[in-house]
Amino acid sequence: NAPQDNISSKKNQLLSSERGAAPTATTTAATTNQQQQQQQLPTSRDNVPRENIQPIPIASSPPPPATTKINSKTNPKSVVTMEHVDKTLHHVHKLNQPISTIKGVGPKTEAAFHKLGLVTLRDLLWHFPRSFVDRSILQSDIRNVPDGEIGTVRLTVGKDAVKGTTITCMDESGNDVDVTFFYGRSRRGMLMATNELKRICNYHSIIVSGKVQHSRQSSTMFNPDKCVSADQAESVLGIEPVYALSSGLRKSVLLNAIDEALQVAKELLGCIPESLSDEALKVLSWPRLADALTIAHKPSSMAEAGPNSPARERLAFEELCIQQAQLALMRWNLKYKNVHSIKQQHPTSWNDSPLVASAVEALPFELTRSQQDCLAEMWDDAIVDSNSRMVRLLQGEVGSGKTVLAYLLALGCIEARQGGGRVAAILAPTQLLAHQHAASISDFVSALKDRIDDSSGIRDIQVEILTGGVTGKRREELLQRLEAATAEDAVILIGTHALMTDDIVKRLQQLPSVSSISSKGLALSVVDEEQRFGVLQREALSSCAANALYMSATPIPRTFRLKGRSGLMDYTQLVAEKSRTVQTTIAPAEEMDRVISALRNKINSGSKCFWVLPRIGDSNDPDSQQTSVESRYRALVDIFGESKVGFVHGRMKINDREEQLAAFADEMSDMVILVGTTVIEVGIDIPNVNLLIVEQAERFGLSQLHQLRGRIGRNGSRDSLDCHCLLLTDATKKDDSPLTRLDILRETMDGAAIAEADLLLRGAGDMLGFMQSGIKTGPAVDPTHHWELIPAASLLGRSFIHRFDPGKVDEGNEDAYDDKSTDGMKNINKILHLHREGKIRAFYDETAASSESGFALRIMMLLFAERNRDNLKESLNTLKQLENSKGYSPSRYDNLIGNKVLGIVDGSITSPEMNHPLVKPNPSSSTYSPSSSSSCSPQTPVAPLQPRMLTTKKRSINLLDDVCFILLDVETTGLDASTSHVIQLAGKELGSNTEDEFAEYILPPVEVPKIIEDITGITDEFLRSGEFKPFNEVYLEFQDFCTQQANGRNVCFVAHNAKFDIRMIESELRRWRAVDKSAPVLADVFEVSLDTLALFKDRRLWTESNVRPSSFKLGDIYYHLFTENMENAHNAVGDVRALERLLLSKQFPNWKSVGNKIQQPFVKVT
């Protein structure tokens, strides 16, 4: 055996040296003579395909134990063997198998699993119990169990104590306990109860567990959960997990499936070293990872149960480390991948730039110290470091001077020939702000033209503007000017959403280079007010540019979380040197008389006031207490006179709006109050406005309110005028969540602090995807309990990237967290102290696939990955590219292992359910018949009678104008509006991104009939097992969604068989109004409705080449046009998407014209 051991040692050294790594710990024991012999091995061995060479384990026998630890970063890394790789990937493959591979799971049971979103064995690992029942304490006195709580007691069965379906027993303290079984009065139900009683009578002593109800004479346990003989107590005592179930899925089947998944996971994690040392786990009181998974599902005590338990914290921390590793890889992609390095000297400071220094001198004001520091920081990132791309968030208060910094940085990037070297683009959310930017930057450029230094290489600077109004020939001429710009030209392109259309993005990406030393595209993209855009919208423009800058006073939660040390982008904070204090007050809406009186006094003292409301027109419900811009304007005119009050909103023509704004800004004008919507949120700069009144403030977001507050006290205002913001709200102390949000504004003027509060209130969204806010839990992370683990996870999860990304994003002062004293911060401080003392190290600090930690990192990515594998594949590919980027040379062994891991990812997506996050699977064989409504329970709450309609209708609108079309669909418990309830509501703006659609399930007050469950796949158990909201809460969110999508435009309600959808929603709203007269109506949001059933029946829509179908059901029309069945039929989301595809198809170019003839205006009701 000796010669074989010698060859084993040599092979491992060869594999290690091929990677360029140091010898492993075991191979260093080989002699120098052996190393020399290794160099003389026959070269023919290298000609053998690498996959046919099985590397010998590092140890002299089987593969190294899973618990191998490296004591110091200076020690060489272990190399995994191919046997170990194949064994590990085999377990990963088993976890990725469909649930149907589990014994006893057939097609129907698998469909029941799918309703819960459980497709593979790996999904079962993360299907944690939603709650736990404590049956671990055996009570001797039932009176010790609180009324209505679950208790477990030992009872003595009385003789001849059965009365009907009840048996009277006695606990160990002598208390009478009535145990009752009732399963209905049917013959089958009575037989079941009788059998239970007979079974109990066979025992002398029993263990009963269930809900306890007390009366003066005795205690009762009605249909107890558990009832066994005393000698079977162990089967009852303990902590019982409660899982979400679906129709057709028994708890025993689910538990069996989870047990099998846990066994596979245990085998997998046995192949991967523990990422935390035993000492660290002991200090943190955390279990090992494999044990943590088991404990999370099967705790032995209530202290081990729930999301705040040590086991769940351990799992969450591991997932956060892996998430941080993926974010680090995404950041590396953004900053370094495909970056065209320019081998030329650039000014190391903006002061040394001939163009930018001249531009600063030409400004009509001096830059503040903070502006200079911010410009220097961005200059280093975008221009001095030409080997990387700048991706940075500039956060600064309203009016702090972010725009001028974007202008100066744009000139610097063009001068340095970044990207195509000639064009920089600034994206603004509104035409008003875009024109304001164009005007101010044009003024800057005009003052600069006479000062341009020839040494800058720039002779002419142009400012172009591209908005939705620039179309056809004008748009093409503008793009041609951009493409024809010479090396001596600098163009600053300012635009709105038009910049993000596909054709414009493609043209901007291909803007030619000014010379051979630069690449194509924009030199810089700037997204102003980034919180007003979607994730994909922001990234569309950024993808065109060599550098990307995002600006905001209050970034969205996702952006705020992605900044700094635990995110994607670098962060620069601009501090305003002069910031006027705005005193913010919250007042109830019913105190309007006091508000008017105070406003009159302020106006007499020389003040001007913005008055903001969320709605333009009046509500169709005469009982509604909610005012609008129009009604408030009329009321204020009656009080102050027409000359003193103006109004603006998004539906006004631009000229009319600018006329009102100009009159309000004119010091000689009598106008002192301007009533409007959030159209004044950005782009309005009027001095001497020092008052802001916001009605229905609870309907606005924190970011919006802070932006509105920034409209008052602008530069140039008189210092003698104090600034006041009054937030009027209908919220009460009983529902204090809106008041809590508004209190944040009262306490601070700091946009960063408000953004952080918004983050905590709304959640971070999907940092690896596209959700802008909300609770994105991930497999193991519960944000409400695990959020504070992120800093420590960032420290350990990103360690491998330091060699490749020297940016400051990963740096930070660990001591900054030490002052926190909350319970949730204790483990953070422990981790940071252990790291500082060298007792805990970052395990994932290698990228090579053959290294112990590099391979483990890949496996953990597979374990915690979501079903959408695009981010995972990108991360794995980036790991392969990292070492090449710095001149490291991965071995063929590294590439072989890396390709095997990628193969697991590609092979695991084997069924369409893998990418099925929004719509629950449903059977498609059933048909919906009108008789289904008869299955509703006779106890179903009945909606109020149909209200009497007024004869005065609202006017129709022109659908060919800029109209917001909201496509909508509902699923209900039946067809009768008086007794049926909405159980799903979906909506989407026509043509918007899929990520922007609205989709919510609704908890109904009645049971979902079986026939509806079969048709829609939405079961009653599913709706009651999840944390779904009632209709009222969902509709308010939907109303806000529509208002946000409309952005001041007219809104059209579009649905197939719209009469049914309107009838169902209105019946829910009438129930609401029966208890709350201020409840909304559809006409609060929608101007008109368009029934696509009537639209498609109209013969004007069809031509000889586009044959009219015989059936006008949505599915039939869809098949008629596309010769394929609809996806997710009988599901609101699927129907909305199908309807959108129909309306956007080329077959119906004139549908809006036909729709104009058949639209139905909403009418007022009494």
# chains A, B, ... in the order shown; residues from 1 in each chain; ligands from 1
$ residues_around --residues "Thr166 in chain A" --least-positions-apart "2" --cutoff "7 Å" --atoms "only C-alpha atoms" --output "PyMOL selection string"
chain A and resi 162-164+168+178-181
$ residues_around --residues "Leu960 in chain A" --least-positions-apart "2" --cutoff "10 Å" --atoms "only C-alpha atoms" --output "list in words"
Ile957, Asn958, Asp962, Val963, Asn1150, Trp1151, Lys1152, Ser1153, Gly1155 and Asn1156 of chain A
$ closest_residue --among "A:Pro1149, A:Leu522, A:Val423, A:Ser277" --to "Leu1101 in chain A" --atoms "only C-alpha atoms"
A:Pro1149
$ closest_residue --among "A:Asn1050, A:Ser875, A:Asn1131, A:Gln583" --to "Leu959 in chain A" --atoms "only C-alpha atoms"
A:Asn1050
$ closest_residue --among "A:Ala598, A:Leu268, A:Leu727, A:Val1154" --to "Leu89 in chain A" --atoms "only C-alpha atoms"
A:Leu268
$ atom_distance --atom1 "CA of Lys473 in chain A" --atom2 "CA of Gly1048 in chain A"
27.8 Å
$ select_by_dssp --residues "range 331-426 of chain A" --states "alpha helix (DSSP H)" --output "PyMOL selection string"
chain A and resi 331-336+354-362+369-379+402-415
$ write_last_selection --atoms "N, CA, C and O atoms" --output "short mmCIF file (atom, residue, chain, number, x, y, z; two decimals), in the first residue's frame"
data_model
loop_
_atom_site.label_atom_id
_atom_site.label_comp_id
_atom_site.auth_asym_id
_atom_site.auth_seq_id
_atom_site.Cartn_x
_atom_site.Cartn_y
_atom_site.Cartn_z
N ARG A 331 -23.07 42.98 -6.95
CA ARG A 331 -22.36 44.25 -6.94
C ARG A 331 -21.10 44.18 -7.81
O ARG A 331 -20.79 45.11 -8.56
N TRP A 332 -20.38 43.06 -7.72
CA TRP A 332 -19.17 42.92 -8.53
C TRP A 332 -19.54 42.95 -10.01
O TRP A 332 -18.84 43.57 -10.83
N ASN A 333 -20.64 42.30 -10.37
CA ASN A 333 -21.10 42.34 -11.76
C ASN A 333 -21.39 43.76 -12.21
O ASN A 333 -21.04 44.17 -13.31
N LEU A 334 -22.08 44.51 -11.34
CA LEU A 334 -22.44 45.88 -11.70
C LEU A 334 -21.20 46.76 -11.87
O LEU A 334 -21.14 47.60 -12.76
N LYS A 335 -20.22 46.58 -11.00
CA LYS A 335 -19.09 47.50 -10.98
C LYS A 335 -17.95 47.09 -11.92
O LYS A 335 -17.24 47.96 -12.43
N TYR A 336 -17.78 45.79 -12.15
CA TYR A 336 -16.56 45.37 -12.84
C TYR A 336 -16.81 44.58 -14.13
O TYR A 336 -15.92 44.57 -14.99
N PRO A 354 -10.41 70.93 -16.39
CA PRO A 354 -10.64 72.23 -17.03
C PRO A 354 -12.12 72.53 -17.22
O PRO A 354 -12.55 73.67 -16.99
N LEU A 355 -12.89 71.51 -17.60
CA LEU A 355 -14.32 71.76 -17.88
C LEU A 355 -15.12 71.94 -16.60
O LEU A 355 -15.88 72.89 -16.45
N VAL A 356 -14.96 71.03 -15.64
CA VAL A 356 -15.78 71.08 -14.42
C VAL A 356 -15.37 72.26 -13.55
O VAL A 356 -16.24 72.92 -12.95
N ALA A 357 -14.09 72.54 -13.45
CA ALA A 357 -13.66 73.70 -12.66
C ALA A 357 -14.25 74.98 -13.22
O ALA A 357 -14.72 75.86 -12.47
N SER A 358 -14.29 75.09 -14.55
CA SER A 358 -14.91 76.27 -15.18
C SER A 358 -16.41 76.30 -14.92
O SER A 358 -16.99 77.37 -14.70
N ALA A 359 -17.03 75.13 -14.96
CA ALA A 359 -18.47 75.07 -14.71
C ALA A 359 -18.81 75.51 -13.30
O ALA A 359 -19.82 76.20 -13.07
N VAL A 360 -17.97 75.12 -12.33
CA VAL A 360 -18.22 75.52 -10.94
C VAL A 360 -18.06 77.03 -10.79
O VAL A 360 -18.85 77.70 -10.10
N GLU A 361 -17.05 77.60 -11.45
CA GLU A 361 -16.85 79.06 -11.38
C GLU A 361 -18.01 79.81 -12.01
O GLU A 361 -18.33 80.94 -11.59
N ALA A 362 -18.63 79.20 -13.02
CA ALA A 362 -19.72 79.88 -13.73
C ALA A 362 -21.06 79.79 -13.01
O ALA A 362 -22.02 80.45 -13.43
N ARG A 369 -19.77 73.18 1.35
CA ARG A 369 -18.72 72.24 1.69
C ARG A 369 -19.19 70.80 1.46
O ARG A 369 -18.46 69.96 0.94
N SER A 370 -20.45 70.52 1.82
CA SER A 370 -20.96 69.17 1.62
C SER A 370 -21.06 68.84 0.14
O SER A 370 -20.76 67.71 -0.28
N GLN A 371 -21.48 69.79 -0.69
CA GLN A 371 -21.55 69.55 -2.13
C GLN A 371 -20.17 69.26 -2.70
O GLN A 371 -20.00 68.37 -3.54
N GLN A 372 -19.17 70.00 -2.26
CA GLN A 372 -17.81 69.77 -2.74
C GLN A 372 -17.32 68.37 -2.34
O GLN A 372 -16.70 67.67 -3.14
N ASP A 373 -17.59 67.98 -1.10
CA ASP A 373 -17.16 66.66 -0.64
C ASP A 373 -17.87 65.55 -1.41
O ASP A 373 -17.25 64.54 -1.78
N CYS A 374 -19.17 65.73 -1.64
CA CYS A 374 -19.94 64.72 -2.39
C CYS A 374 -19.43 64.60 -3.82
O CYS A 374 -19.30 63.50 -4.36
N LEU A 375 -19.16 65.75 -4.45
CA LEU A 375 -18.65 65.73 -5.82
C LEU A 375 -17.30 65.03 -5.88
O LEU A 375 -17.03 64.25 -6.80
N ALA A 376 -16.45 65.29 -4.88
CA ALA A 376 -15.13 64.65 -4.85
C ALA A 376 -15.27 63.13 -4.68
O ALA A 376 -14.56 62.35 -5.32
N GLU A 377 -16.21 62.71 -3.84
CA GLU A 377 -16.42 61.27 -3.61
C GLU A 377 -16.92 60.59 -4.88
O GLU A 377 -16.44 59.51 -5.25
N MET A 378 -17.87 61.21 -5.56
CA MET A 378 -18.39 60.63 -6.79
C MET A 378 -17.35 60.69 -7.90
O MET A 378 -17.28 59.79 -8.75
N TRP A 379 -16.52 61.72 -7.91
CA TRP A 379 -15.47 61.86 -8.91
C TRP A 379 -14.47 60.70 -8.80
O TRP A 379 -14.08 60.11 -9.81
N LYS A 402 -28.88 68.56 -5.20
CA LYS A 402 -28.47 67.33 -5.86
C LYS A 402 -28.36 67.51 -7.37
O LYS A 402 -27.48 66.93 -8.01
N THR A 403 -29.25 68.32 -7.96
CA THR A 403 -29.26 68.48 -9.41
C THR A 403 -27.98 69.08 -9.94
O THR A 403 -27.45 68.65 -10.97
N VAL A 404 -27.45 70.07 -9.27
CA VAL A 404 -26.22 70.71 -9.74
C VAL A 404 -25.05 69.73 -9.68
O VAL A 404 -24.15 69.75 -10.53
N LEU A 405 -25.05 68.85 -8.69
CA LEU A 405 -24.00 67.83 -8.63
C LEU A 405 -24.12 66.85 -9.79
O LEU A 405 -23.10 66.42 -10.35
N ALA A 406 -25.34 66.50 -10.14
CA ALA A 406 -25.53 65.60 -11.29
C ALA A 406 -25.03 66.26 -12.57
O ALA A 406 -24.40 65.61 -13.41
N TYR A 407 -25.30 67.54 -12.72
CA TYR A 407 -24.83 68.30 -13.89
C TYR A 407 -23.31 68.34 -13.97
O TYR A 407 -22.71 68.07 -15.01
N LEU A 408 -22.65 68.61 -12.85
CA LEU A 408 -21.18 68.69 -12.83
C LEU A 408 -20.56 67.32 -13.07
O LEU A 408 -19.56 67.19 -13.79
N LEU A 409 -21.13 66.28 -12.46
CA LEU A 409 -20.59 64.94 -12.66
C LEU A 409 -20.79 64.50 -14.11
O LEU A 409 -19.93 63.81 -14.68
N ALA A 410 -21.92 64.88 -14.72
CA ALA A 410 -22.15 64.55 -16.12
C ALA A 410 -21.06 65.17 -17.01
O ALA A 410 -20.53 64.50 -17.91
N LEU A 411 -20.73 66.42 -16.76
CA LEU A 411 -19.66 67.05 -17.54
C LEU A 411 -18.33 66.32 -17.34
O LEU A 411 -17.57 66.11 -18.30
N GLY A 412 -18.05 65.92 -16.10
CA GLY A 412 -16.81 65.21 -15.82
C GLY A 412 -16.73 63.88 -16.54
O GLY A 412 -15.68 63.51 -17.09
N CYS A 413 -17.85 63.12 -16.54
CA CYS A 413 -17.86 61.81 -17.21
C CYS A 413 -17.71 61.96 -18.72
O CYS A 413 -17.05 61.13 -19.37
N ILE A 414 -18.33 63.01 -19.28
CA ILE A 414 -18.18 63.23 -20.73
C ILE A 414 -16.74 63.65 -21.05
O ILE A 414 -16.14 63.16 -22.01
N GLU A 415 -16.19 64.50 -20.24
CA GLU A 415 -14.82 64.94 -20.46
C GLU A 415 -13.85 63.76 -20.36
O GLU A 415 -12.85 63.69 -21.09
#
$ atom_distance --atom1 "CA of Gln510 in chain A" --atom2 "CA of Asp528 in chain A"
23.0 Å
$ closest_residue --among "A:Thr496, A:Ser136, A:Ser131, A:Ser850" --to "Met82 in chain A" --atoms "only C-alpha atoms"
A:Ser850
$ residues_around --residues "range 660-669 of chain A" --least-positions-apart "2" --cutoff "9 Å" --atoms "only C-alpha atoms" --output "list in words"
Lys608, Ser643, Lys644, Val645, Gly646, Phe647, Val648, Asn655, Asp656, Arg657, Glu658, Met671, Val672, Ile673, Leu674, Ile684, Asp685, Ile686, Pro687, Asn688 and Val689 of chain A
$ residues_around --residues "Val463 in chain A" --least-positions-apart "5" --cutoff "10 Å" --atoms "only C-alpha atoms" --output "list in words"
Val423, Ala424, Ala425, His437, Ala438, Ala439, Ile441, Ser442, Val445, Ala490, Val491, Ile492, Leu493 and Ile494 of chain A
$ select_by_dssp --residues "range 386-616 of chain A" --states "strand (DSSP E or B)" --output "ChimeraX atom specification"
/A:391-396,423-427,460-466,489-495,522,524-528,545,548-552,563,569-574,582-588,609-612
$ closest_residue --among "A:Ala523, A:Cys725, A:Ile322, A:Ile904" --to "Ile426 in chain A" --atoms "only C-alpha atoms"
A:Ala523
$ atom_distance --atom1 "CA of Lys211 in chain A" --atom2 "CA of Leu1003 in chain A"
24.3 Å
$ residues_around --residues "Val612 in chain A" --least-positions-apart "4" --cutoff "10 Å" --atoms "only C-alpha atoms" --output "ChimeraX atom specification"
/A:628-629,632,647-649,674-681,692-697,705,708,727
$ write_last_selection --atoms "N, CA and C atoms" --output "compact mmCIF listing (two decimals), in the first residue's frame"
# COMPACT_ATOMS: atom_id res chain seq x y z
N SER A 628 -62.32 66.60 -2.14
CA SER A 628 -61.46 66.51 -3.31
C SER A 628 -60.91 67.90 -3.61
N VAL A 629 -60.03 67.96 -4.59
CA VAL A 629 -59.48 69.25 -5.01
C VAL A 629 -60.61 70.19 -5.45
N ARG A 632 -62.83 71.24 -2.36
CA ARG A 632 -62.11 72.11 -1.44
C ARG A 632 -61.86 73.47 -2.08
N PHE A 647 -56.03 76.39 -8.31
CA PHE A 647 -55.97 74.94 -8.19
C PHE A 647 -55.15 74.35 -9.34
N VAL A 648 -54.49 73.22 -9.07
CA VAL A 648 -53.73 72.49 -10.09
C VAL A 648 -53.93 70.99 -9.85
N HIS A 649 -53.92 70.22 -10.94
CA HIS A 649 -53.94 68.76 -10.83
C HIS A 649 -53.46 68.17 -12.15
N LEU A 674 -53.07 77.69 -3.05
CA LEU A 674 -53.08 76.85 -4.24
C LEU A 674 -53.50 75.44 -3.81
N VAL A 675 -54.68 75.00 -4.27
CA VAL A 675 -55.21 73.68 -3.95
C VAL A 675 -54.78 72.72 -5.06
N GLY A 676 -54.29 71.55 -4.69
CA GLY A 676 -53.83 70.63 -5.72
C GLY A 676 -53.63 69.22 -5.22
N THR A 677 -53.22 68.37 -6.13
CA THR A 677 -52.86 66.98 -5.81
C THR A 677 -51.35 66.91 -5.64
N THR A 678 -50.83 65.69 -5.65
CA THR A 678 -49.38 65.51 -5.50
C THR A 678 -48.63 65.91 -6.76
N VAL A 679 -49.30 66.53 -7.72
CA VAL A 679 -48.60 67.05 -8.89
C VAL A 679 -47.56 68.09 -8.48
N ILE A 680 -47.71 68.66 -7.27
CA ILE A 680 -46.74 69.65 -6.80
C ILE A 680 -45.61 69.00 -6.01
N GLU A 681 -45.62 67.64 -5.94
CA GLU A 681 -44.64 66.95 -5.08
C GLU A 681 -43.21 67.23 -5.50
N LEU A 692 -48.23 74.48 4.48
CA LEU A 692 -48.67 73.29 3.76
C LEU A 692 -49.76 72.62 4.58
N ILE A 693 -50.91 72.41 3.96
CA ILE A 693 -52.01 71.69 4.60
C ILE A 693 -52.30 70.46 3.74
N VAL A 694 -52.27 69.29 4.35
CA VAL A 694 -52.54 68.03 3.64
C VAL A 694 -53.77 67.39 4.26
N GLU A 695 -54.82 67.28 3.47
CA GLU A 695 -56.02 66.59 3.92
C GLU A 695 -55.91 65.10 3.64
N GLN A 696 -56.55 64.28 4.50
CA GLN A 696 -56.49 62.82 4.38
C GLN A 696 -55.04 62.37 4.30
N ALA A 697 -54.23 62.88 5.21
CA ALA A 697 -52.78 62.64 5.17
C ALA A 697 -52.45 61.16 5.31
N LEU A 705 -45.16 62.69 1.63
CA LEU A 705 -45.39 63.78 2.57
C LEU A 705 -44.11 64.57 2.82
N LEU A 708 -43.57 66.71 -0.22
CA LEU A 708 -44.50 67.86 -0.19
C LEU A 708 -44.03 68.90 0.80
N LEU A 727 -51.05 68.29 9.01
CA LEU A 727 -51.53 67.02 8.47
C LEU A 727 -52.90 66.73 9.07
$ residues_around --residues "range 386-399 of chain A" --least-positions-apart "4" --cutoff "6 Å" --atoms "only C-alpha atoms" --output "ChimeraX atom specification"
/A:335-336,341,381-382,547-553,569-574,710,751
